[in-house]
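Have a look at the structure below, then the notes.
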Amino acid sequence: MAATSFSPLPTLTTQSQPKHNTKHPSRTGSFRQRKNMKEVKQLHAQVTKKGLSNRRTSGITKLISLCAEIATPESLEYAKKAYELFEGDASNRVSLHMLNSLIRGYSAAGFCDEAILLYAQMVERGVNPDHYTFPFVLSGCTKGAAFLEGIQLHGSVVKLGLEGDLFIQNSLIHLYAECGEIDFGKKVFDKMSERNVVSWTSLICSCTRRDRPEEAVSLFFEMVEAGIKPNSVTLVCAISACAKLRDLDLGKRICAYIGQQGLNNTVLVNALIHMYMKCGATDRAKSLFDECIDKNLVLYNMILSNYVHQGMEREALAILVEMLQQGLQPDRVTMLSALSASGQSGDFAFGRQCHCYVMRNGLEGWESVSNAIIDMYANCGKQDLASRVFDRMSTKSVVSWNSLIIGFVRNGDVDSAWGLFNQMPETDLVTWNTMIGALVQESLFEDAIELFRVMQSEGIKADEVTMLSVASACGYLGALDLAKWTYSYIEKFGIPRDLKLDTALVDMFARCGDTKSAMLVFNKIQNRDVSAWTSAIGAMAMEGNGIRALKIFNEMTNQGVKPDAVVFVAVLTACSHGGLVEQGMQIFRSMKESYGITPQIIHYGCMVDLFGRAGLLSDALDLINGMPMEPNKVVWGALLAACRTQKDTQMATYVAERMNELAQERSGTHVLLSNIYASAGKWTDVARVRLQMKEKGLLKVPGSSSIEIDGVIHEFTSSDESHPEMTHISQMVREMSCRIGDSGYVPDLTNVLLDVDDEEKEFLLSRHSEKLATAFGLISTSPGTPIRVVKNLRMCSDCHSVVKLVSKTYGREIVVRDNNRFHFFRQGFCSCNDFW
DNA sequence: CTAGGGTTAG
């Protein structure tokens with residue numbers, strides 16, 4: 001009797017995606033696959049013809065086996081149809097063989113669910129799986145990380161008395177370990193009476209892949225000690241563990257086991273080259289690469305991604321051209337690098353070509369490729385195209401959402417990013433880091449801290465990227481208590497401190513006026529780069545300690561660290577605040593002469609400031625007139641500020657006229673600059689640019705001062721009455737004026753830039769935000785406590801005199817941070833010696 | 001007919 005086989009067989013729906021990055025469900029397929037499909041079609045035609053039943057059966061078996069090997073959705077469709085043609089008893093050995101092959105095919109293609117479904121249907125029909133079935137179906141589970149199904153299958157293995165089978169045990173080890181349950185795998189491993197090289201390799205490989213490379217390496221040596229000889233697969237796993245550890249010496253020790261087999265294994269050579277590249281042994285990697293006779297796609301992809309990671313887009317393009325000349329067809333991994341390179345270099349034309357290639361070759365079904373396209377468009381400033389790609393994606397994960405919101409943030413549209421953030425079905429650490437960073441970028445520092453608190457309450461663990469944003473927010477708020485809390489948070493939760501975070505911490509303490517802590521952190525930094533040195537020099541500049549800033553700068557150059565344009569801004573600012581005119585001029589000259597750095601407009605701005613603060617207005621003007629570029633608002637602004645302190649109205653008028661002649665500066669260039677910083681993760685610099693924009697009036701912002709009381713930040717803007725304690729504060733301001741008036745204080749009305757009568761001027765002056773904040777500080781803290789105020793603009797001379805007198809009259813230490821430096825007031829004197 | 005390997009987006 002011709003019993004039909006059980007049906008239905010699993011149907012591949014369009015949503016069905018391989019669970020693991022295996023073979024791609026390509027529309028075109030490779031040459032090899034096309035050739036095989038031809039054979040499949042021939043076999044299929046033979047099989048569908050009527051003929052002798054036993055001949056058909058062997059044809060079907062052969063067909064299914066071939067299709068399983070090809071393992072593409074198309075070939076699997078054929079395999080399924082072929083099985084339906086089988087007319088024998090579903091439970092006989094031949095049928096079992098066919099079903100095993102089918103499961104093997106689905107597993108190999110990464111269709112985990114279908115493999116499991118086939119297995120289930122097999123059992124349902126009373127067909128007993130054998131010792132071939134389990135390795136096949138378990139391999140599918142491994143690719144789909146189907147842990148629970150794996151446990152069930154493990155149970156069936158035991159029930160069928162197959163738990164002693166070496167192949168099945170090895171499959172189970174691998175399954176558990178790949179699901180992140182390495183200890184489950186180890187349990188199986190420990191119970192084995194006999195272990196072969198595959199057993200060990202499975203464990204080693206999983207440790208490497210699950211980010212436990214140290215364990216992988218120690219297992220490798222354990223295995224060698226147990227007398228098992230590593231084969232090329234073992235070596236590949238161990239070597240990639242070394243690549244992850246960036247440990248060249250360990251890598252070399254493992255290479256000793258390569259032995260006579262030499263380097264005739266492509267995968268091994270690829271792994272070695274990768275390891276050398278990751279460990280920084282570029283020359284060794286390059287020579288191995290050049291010696292390679294059969295450079296394959298994976299090798300090219302590897303080199304390509306390495307170049308892209310290092311920001312070497314030109315070299316990346318050269319590699320891409322070379323691989324095309326070799327006749328290799330770029331795959332999705334290639335495209336990930338190519339798209340990332342186009343984004344990095346902002347090459348929209350090339351990026352679009354990449355997008356077209358992806359569409360032509362049906363690679364857009366891979367989510368990672370579509371995400372990379374979103375990144376590319378966002379990096380090229382084409383956020384609308386990025387959104388369109390996002391909208392068209394059939395499946396999108398949290399990564400896709402992240403890519404889109406990061407694009408909005410990068411393109412300066414934080415509102416849209418925020419809107420999406422609230423809509424996201426799922427968030428992860430990157431999402432939160434992006435949004436916190438976005439708020440810092442927008443100079444919404446308190447909101448950034450608040451969002452960080454929300455993130456904690458959601459149970460998401462912060463990492464070094466989070467803390468980078470939080471630290472720079474604390475720094476800009478000048479909130480010392482918050483800064484200290486942030487520092488201990490990092491210590492308490494063992495958040496890894498990389499160079500970037502250390503630098504941000506130096507900056508944070510410096511901006512909170514705690515130079516001691518800043519330098520303590522700085523002194524412990526190993527391998528300081530120029531940014532780290534810059535933050536220390538910046539700390540000195542903020543104190544007005546020009547001498548020490550210069551000392552640190554010299555120390556840096558003596559240690560062989562090459563100065564960049566940014567560090568000179570810090571050094572020149574320090575000279576300016578310290579009144580070191582001669583030294584400043586010398587440094588400025590040395591930029592070009594000794595370091596080959598052409599001064600940019602920002603450096604000229606510093607010099608104008610330097611001359612201006614020292615009262616050398618005509619020198620400042622000469623410098624401006626001799627500048628190789630057109631002076632901008634910043635340069636003129638520095639001189640104007642100097643005119644104000646020097647009370648040189650004639651020159652002030654001249655400067656004001658020049659400023660009015662300037663075309664309205666477009667904020668576009670600033671957004672651009674802040675985006676450049678944002679893309680480099682330099683949130684501190686981003687915030688600085690944003691603040692500069694505000695100060696330059698590109699975004700109009702009134703003078704404001706803030707003070708932190710018990711972890712809460714109170715902000716005052718001039719003449720703002722909204723604070724709940726305003727009545728008390730007003731009383732206090734009046735009291736302050738009276739008491740310091742007795743010590744001879746006379747308001748300096750030239751600080752009011754409005755044309756109003758003197759009484760009104762005096763009132764406006766008394767409402768300057770730093771006075772309000774100081775008054776609030778006096779009310780809210782117990783006698784003797786230092787008061788710390790942060791002001792967003794330069795302190796006016798009247799407030800400066802008032803705070804000096806208040807510090808004496810009330811016996812308080814008062815610290816005011818203005819937009820570029822600190823003033824420490826004590827006993828009627830200020831650390832700046834009235835020069836700022 | 002069975003198990004283990006190299007590249008992979010924010």
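Note on naming: chains are A, B, ... as they come in the structure tokens, residues start from 1 per chain, ligands start from 1 in the order shown.
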* Who sits within 7 Å of Ile273 of chain A, only C-alpha atoms (C1' of nucleotides), same chain under 4 positions skipped, as a PyMOL selection string -> chain A and resi 269+277+285+288-289
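For segment 5-10 of chain B, the list of residues within 7 Å, based on only C-alpha atoms (C1' of nucleotides) and with local chain neighbours fewer than 3 positions off taken out, reads Val233, Val236, Cys237, Val267, Leu268, Asn270, Ala271, Val298, Leu299, Asn301, Met302, Val333, Leu336, Ser368, Val369, Asn371, Ala372, Val399, Asn402, Ser403 and Val430 of chain A.
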Take the residues from that selection and write them out as a PDB file, in the first residue's frame, keeping N, CA, C and O atoms.
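Result written to selection39.pdb:
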ATOM      1  N   VAL A 233      40.832  23.505  13.559  1.00  0.00           N
ATOM      2  CA  VAL A 233      39.630  24.177  14.062  1.00  0.00           C
ATOM      3  C   VAL A 233      39.881  24.705  15.476  1.00  0.00           C
ATOM      4  O   VAL A 233      39.559  25.848  15.804  1.00  0.00           O
ATOM      5  N   VAL A 236      42.061  27.749  15.322  1.00  0.00           N
ATOM      6  CA  VAL A 236      41.326  28.936  14.883  1.00  0.00           C
ATOM      7  C   VAL A 236      40.579  29.558  16.069  1.00  0.00           C
ATOM      8  O   VAL A 236      40.641  30.761  16.293  1.00  0.00           O
ATOM      9  N   CYS A 237      39.908  28.707  16.855  1.00  0.00           N
ATOM     10  CA  CYS A 237      39.152  29.217  17.998  1.00  0.00           C
ATOM     11  C   CYS A 237      40.063  29.874  19.019  1.00  0.00           C
ATOM     12  O   CYS A 237      39.769  30.949  19.540  1.00  0.00           O
ATOM     13  N   VAL A 267      41.143  29.131   6.476  1.00  0.00           N
ATOM     14  CA  VAL A 267      40.454  29.694   7.643  1.00  0.00           C
ATOM     15  C   VAL A 267      41.459  30.034   8.729  1.00  0.00           C
ATOM     16  O   VAL A 267      41.384  31.095   9.366  1.00  0.00           O
ATOM     17  N   LEU A 268      42.432  29.154   8.913  1.00  0.00           N
ATOM     18  CA  LEU A 268      43.455  29.380   9.927  1.00  0.00           C
ATOM     19  C   LEU A 268      44.268  30.636   9.597  1.00  0.00           C
ATOM     20  O   LEU A 268      44.529  31.467  10.469  1.00  0.00           O
ATOM     21  N   ASN A 270      43.318  33.157   7.814  1.00  0.00           N
ATOM     22  CA  ASN A 270      42.443  34.312   8.032  1.00  0.00           C
ATOM     23  C   ASN A 270      42.389  34.690   9.511  1.00  0.00           C
ATOM     24  O   ASN A 270      42.498  35.863   9.865  1.00  0.00           O
ATOM     25  N   ALA A 271      42.235  33.671  10.352  1.00  0.00           N
ATOM     26  CA  ALA A 271      42.159  33.931  11.789  1.00  0.00           C
ATOM     27  C   ALA A 271      43.462  34.557  12.287  1.00  0.00           C
ATOM     28  O   ALA A 271      43.450  35.478  13.108  1.00  0.00           O
ATOM     29  N   VAL A 298      36.057  36.266   2.732  1.00  0.00           N
ATOM     30  CA  VAL A 298      36.119  36.552   4.168  1.00  0.00           C
ATOM     31  C   VAL A 298      37.376  37.337   4.496  1.00  0.00           C
ATOM     32  O   VAL A 298      37.341  38.302   5.261  1.00  0.00           O
ATOM     33  N   LEU A 299      38.480  36.959   3.887  1.00  0.00           N
ATOM     34  CA  LEU A 299      39.735  37.661   4.149  1.00  0.00           C
ATOM     35  C   LEU A 299      39.631  39.121   3.712  1.00  0.00           C
ATOM     36  O   LEU A 299      40.004  40.036   4.445  1.00  0.00           O
ATOM     37  N   ASN A 301      36.945  40.856   3.348  1.00  0.00           N
ATOM     38  CA  ASN A 301      36.000  41.529   4.250  1.00  0.00           C
ATOM     39  C   ASN A 301      36.668  41.936   5.558  1.00  0.00           C
ATOM     40  O   ASN A 301      36.408  43.008   6.101  1.00  0.00           O
ATOM     41  N   MET A 302      37.534  41.046   6.020  1.00  0.00           N
ATOM     42  CA  MET A 302      38.227  41.280   7.275  1.00  0.00           C
ATOM     43  C   MET A 302      39.129  42.515   7.162  1.00  0.00           C
ATOM     44  O   MET A 302      39.109  43.396   8.014  1.00  0.00           O
ATOM     45  N   VAL A 333      28.420  41.186   4.291  1.00  0.00           N
ATOM     46  CA  VAL A 333      29.457  41.656   5.216  1.00  0.00           C
ATOM     47  C   VAL A 333      30.290  42.748   4.545  1.00  0.00           C
ATOM     48  O   VAL A 333      30.614  43.769   5.156  1.00  0.00           O
ATOM     49  N   LEU A 336      28.376  45.941   4.630  1.00  0.00           N
ATOM     50  CA  LEU A 336      28.366  46.607   5.935  1.00  0.00           C
ATOM     51  C   LEU A 336      29.551  47.562   6.033  1.00  0.00           C
ATOM     52  O   LEU A 336      29.418  48.713   6.451  1.00  0.00           O
ATOM     53  N   SER A 368      20.782  43.784   9.382  1.00  0.00           N
ATOM     54  CA  SER A 368      21.996  44.547   9.669  1.00  0.00           C
ATOM     55  C   SER A 368      22.375  45.427   8.486  1.00  0.00           C
ATOM     56  O   SER A 368      22.878  46.534   8.671  1.00  0.00           O
ATOM     57  N   VAL A 369      22.125  44.947   7.277  1.00  0.00           N
ATOM     58  CA  VAL A 369      22.454  45.735   6.089  1.00  0.00           C
ATOM     59  C   VAL A 369      21.559  46.973   6.034  1.00  0.00           C
ATOM     60  O   VAL A 369      22.031  48.094   5.805  1.00  0.00           O
ATOM     61  N   ASN A 371      20.124  48.417   8.501  1.00  0.00           N
ATOM     62  CA  ASN A 371      20.553  49.322   9.573  1.00  0.00           C
ATOM     63  C   ASN A 371      21.775  50.119   9.143  1.00  0.00           C
ATOM     64  O   ASN A 371      21.876  51.319   9.428  1.00  0.00           O
ATOM     65  N   ALA A 372      22.683  49.455   8.466  1.00  0.00           N
ATOM     66  CA  ALA A 372      23.895  50.145   7.996  1.00  0.00           C
ATOM     67  C   ALA A 372      23.528  51.214   6.964  1.00  0.00           C
ATOM     68  O   ALA A 372      24.171  52.265   6.896  1.00  0.00           O
ATOM     69  N   VAL A 399      18.099  47.800  17.387  1.00  0.00           N
ATOM     70  CA  VAL A 399      19.266  48.400  16.720  1.00  0.00           C
ATOM     71  C   VAL A 399      18.828  49.342  15.597  1.00  0.00           C
ATOM     72  O   VAL A 399      19.396  50.418  15.419  1.00  0.00           O
ATOM     73  N   ASN A 402      17.619  52.435  17.146  1.00  0.00           N
ATOM     74  CA  ASN A 402      18.767  53.192  17.629  1.00  0.00           C
ATOM     75  C   ASN A 402      19.453  53.934  16.483  1.00  0.00           C
ATOM     76  O   ASN A 402      19.787  55.114  16.617  1.00  0.00           O
ATOM     77  N   SER A 403      19.645  53.223  15.375  1.00  0.00           N
ATOM     78  CA  SER A 403      20.311  53.861  14.233  1.00  0.00           C
ATOM     79  C   SER A 403      19.551  55.110  13.821  1.00  0.00           C
ATOM     80  O   SER A 403      20.143  56.153  13.537  1.00  0.00           O
ATOM     81  N   VAL A 430      22.287  51.284  24.479  1.00  0.00           N
ATOM     82  CA  VAL A 430      22.669  52.254  23.446  1.00  0.00           C
ATOM     83  C   VAL A 430      21.593  53.333  23.298  1.00  0.00           C
ATOM     84  O   VAL A 430      21.898  54.514  23.153  1.00  0.00           O
TER      85      VAL A 430
END
Which residues, written as a compact mmCIF listing (two decimals) with N, CA and C atoms, in the first residue's frame, have at least one atom at most 7 Å from DG4 of chain B, with only C-alpha atoms (C1' of nucleotides) counted and residues fewer than 4 positions away on the same chain left out?
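Wrote around_22.txt, looks like this:
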# COMPACT_ATOMS: atom_id res chain seq x y z
N VAL A 198 36.78 17.40 19.17
CA VAL A 198 35.60 18.23 18.90
C VAL A 198 34.93 18.67 20.21
N THR A 201 36.97 21.46 21.46
CA THR A 201 36.89 22.61 20.56
C THR A 201 35.54 23.31 20.69
N SER A 202 34.46 22.52 20.86
CA SER A 202 33.14 23.12 21.01
C SER A 202 33.12 24.09 22.18
N VAL A 233 40.83 23.51 13.56
CA VAL A 233 39.63 24.18 14.06
C VAL A 233 39.88 24.71 15.48
* Asked: Got a sec: who's within 12 Å of Cys356 of chain A, counting only C-alpha atoms (C1' of nucleotides), leaving out chain neighbours fewer than 6 positions off, as JSON, numbers by chain?
  -> {"A": [335, 339, 349, 350, 362, 363, 364, 370, 373]}
Atom CA of Gly741 of chain A to atom CA of Pro724 of chain A measures 27.2 Å
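The gap separating atom CA of Met795 of chain A from atom CA of Asn819 of chain A is 8.3 Å, in Å to one decimal.
Checking A:Leu793, A:Leu572, A:Leu324, A:Ala243 one by one against chain B, counting only C-alpha atoms (C1' of nucleotides), you find the shortest gap at A:Ala243.
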